[in-house]
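Beneath this line is the structure, given in structure tokens, with notes to follow.
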Amino acid sequence: MRRKRRYVPDSDENHDRWLVSYADLVTLLFAFFVVMYAISQVNEGKYRVLSASLNSAFAAKDGVQLIELPTVAAPRSALQVELEQLRQARAAQKDKERRERAQRTMSELTEALSALTREGQATVTDGALGITVDLDATFLFGRGQTALEPAARDIIAAIAGVLLYTDYPLVIEGHTDNLQPAPGALSNWAISALRAAAVTQVFEEQGVIPARLTAAGLADQRPIAGNDSEQGRAKNRRVSIRIETYSNDRAALNGKPANGPVDVPEGALGSSFPRL
């Protein structure tokens, strides 16, 4: 006797639900590789379009930005690379020339003031802003006076001769000690300012372009020695001439570029000023 086959109804369970997760995975992988491909193609315009499209598609709500692609600079052409290398080479050459000019100026000033430096009446130093020449005010001016002594004018003129054919900005500073002048006399501020102006005037008379000159009176506010002794006060009474050989902000002087020296015939420097 043949047995009847038992009928089993179809199950309500859907065995194809894994396809949904698989499709999501494929979609995410596709989006990932699209982004990677876009990154490999360095094109800022495409980046912006892709970023806007993805933000529009995945934003939770208006005004919320979920995806922001980094901005990648476009690759430089061979010409741009060559121009950049040329610019760096020129900058290095200018810096080398600036150091050489500064060293030459330092040597010429030291030679011109050799007699005064031996007697302790002048010093030439190289600092962070450039070269500084400190002159003892004792032989430049009379006690409490603001007019240069005749011999002092020759000294200032010799310094101006060294600096005449350079383009460095010059800052002339007047300094005093801390002793207060007698009642009715000029204050230390006035004395220091007028002394700086007197030295500046000699520079201008020697042909130094006025746009390069700055005069400042600092009274007793920048001492280099103690004011508790006469020797220290004598050192503080001085005129400082600062040659800003390291200044990068120079205005064009007399129609010539400020980033290079004035054209001077060979041998003009070092022989036109007297040794002091």
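Simple scheme: letters A, B, ... for chains in structure tokens order, numbers from 1 for residues in each chain, numbers from 1 for ligands in the order shown.
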
**segment 22-254 of chain A: residues DSSP assigns to alpha helix (DSSP H), reported as a ChimeraX atom specification** = /A:22-40,44-58,78-112,114-118,137-140,150-163,188-205,230-236

**Request:** Find the residues near segment 207-215 of chain A: any atom within 9 Å, counting only C-alpha atoms, skip ones fewer than 5 places away on the same chain, and give them as a ChimeraX atom specification.
**Result:** /A:160-161,163-165,167-174,193-194,196-197,199-200,202,250-254

**Asked** Looking at A:Glu119, A:Glu111, A:Ala157, A:Phe32, which one is nearest to Gln201 of chain A, with distances taken over only C-alpha atoms?
**Response**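 Of A:Glu119, A:Glu111, A:Ala157, A:Phe32, the one nearest Gln201 of chain A, counting only C-alpha atoms, is A:Ala157.
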
Residues of segment 69-106 of chain A within 12 Å of segment 126-131 of chain A: nearest atom pair and distance (Å, one decimal) for each, counting only C-alpha atoms, sorted by chain and number, as a tab-separated table?
residue	atom	partner	partner_atom	distance
A:Arg98	CA	A:Gly130	CA	11.3
A:Arg99	CA	A:Gly130	CA	10.4
A:Arg101	CA	A:Gly130	CA	11.6
A:Ala102	CA	A:Ile131	CA	8.1
A:Gln103	CA	A:Asp126	CA	9.3
A:Arg104	CA	A:Ile131	CA	11.2
A:Thr105	CA	A:Ile131	CA	8.6
A:Met106	CA	A:Ile131	CA	6.9

**Request:** For Gln121 of chain A, work out the shell of residues within 6 Å, counting only C-alpha atoms and skipping chain neighbours fewer than 4 positions away, then give it as a VMD selection string.
**Result:** chain A and resid 116 to 117 136

**Request:** Give the answer as one residue: which of A:Val162, A:Leu54, A:Glu149, A:Ile241 has the shortest atom-to-atom distance to Ala216 of chain A, using only C-alpha atoms?
**Result:**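 Going through A:Val162, A:Leu54, A:Glu149, A:Ile241 one by one, the smallest distance to Ala216 of chain A is for A:Ile241.
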
**Message:** Residues near Thr132 of chain A, anyone? I mean within 6 Å using only C-alpha atoms, not counting same-chain ones fewer than 2 positions away, as a list of chain:residue names.
**Reply:** A:Val124, A:Thr125, A:Ile241, A:Arg242

Please save N, CA and C atoms of the selected residues as a compact mmCIF listing (two decimals), in the first residue's frame.
# COMPACT_ATOMS: atom_id res chain seq x y z
N VAL A 124 83.28 100.15 17.36
CA VAL A 124 82.52 99.67 16.21
C VAL A 124 82.13 98.23 16.50
N THR A 125 80.83 97.95 16.61
CA THR A 125 80.35 96.62 16.95
C THR A 125 79.28 96.18 15.95
N ILE A 241 75.71 105.75 16.13
CA ILE A 241 75.31 105.70 14.72
C ILE A 241 75.07 104.24 14.37
N ARG A 242 73.82 103.90 14.17
CA ARG A 242 73.47 102.51 13.87
C ARG A 242 73.23 102.34 12.37

**Request:** Would you kindly return, as a ChimeraX atom specification, each protein, DNA or RNA residue with an atom no farther than 6 Å from any atom of Thr176 of chain A, considering only C-alpha atoms and excluding same-chain residues fewer than 4 positions away?
**Result:** /A:219-220,236-237

Those same residues, written as a PDB file, in the first residue's frame with N, CA, C and O atoms?
ATOM      1  N   ALA A 219      68.177 110.632  25.806  1.00  0.00           N
ATOM      2  CA  ALA A 219      68.555 111.109  27.145  1.00  0.00           C
ATOM      3  C   ALA A 219      69.386 110.035  27.868  1.00  0.00           C
ATOM      4  O   ALA A 219      70.344 109.521  27.312  1.00  0.00           O
ATOM      5  N   ASP A 220      68.997 109.683  29.104  1.00  0.00           N
ATOM      6  CA  ASP A 220      69.757 108.698  29.887  1.00  0.00           C
ATOM      7  C   ASP A 220      69.063 107.338  29.937  1.00  0.00           C
ATOM      8  O   ASP A 220      69.335 106.539  30.830  1.00  0.00           O
ATOM      9  N   ASN A 236      78.403 106.808  29.057  1.00  0.00           N
ATOM     10  CA  ASN A 236      76.996 106.973  28.674  1.00  0.00           C
ATOM     11  C   ASN A 236      76.763 108.230  27.841  1.00  0.00           C
ATOM     12  O   ASN A 236      75.801 108.284  27.072  1.00  0.00           O
ATOM     13  N   ARG A 237      77.637 109.220  27.977  1.00  0.00           N
ATOM     14  CA  ARG A 237      77.522 110.432  27.156  1.00  0.00           C
ATOM     15  C   ARG A 237      78.136 110.135  25.791  1.00  0.00           C
ATOM     16  O   ARG A 237      79.358 110.198  25.612  1.00  0.00           O
TER      17      ARG A 237
END
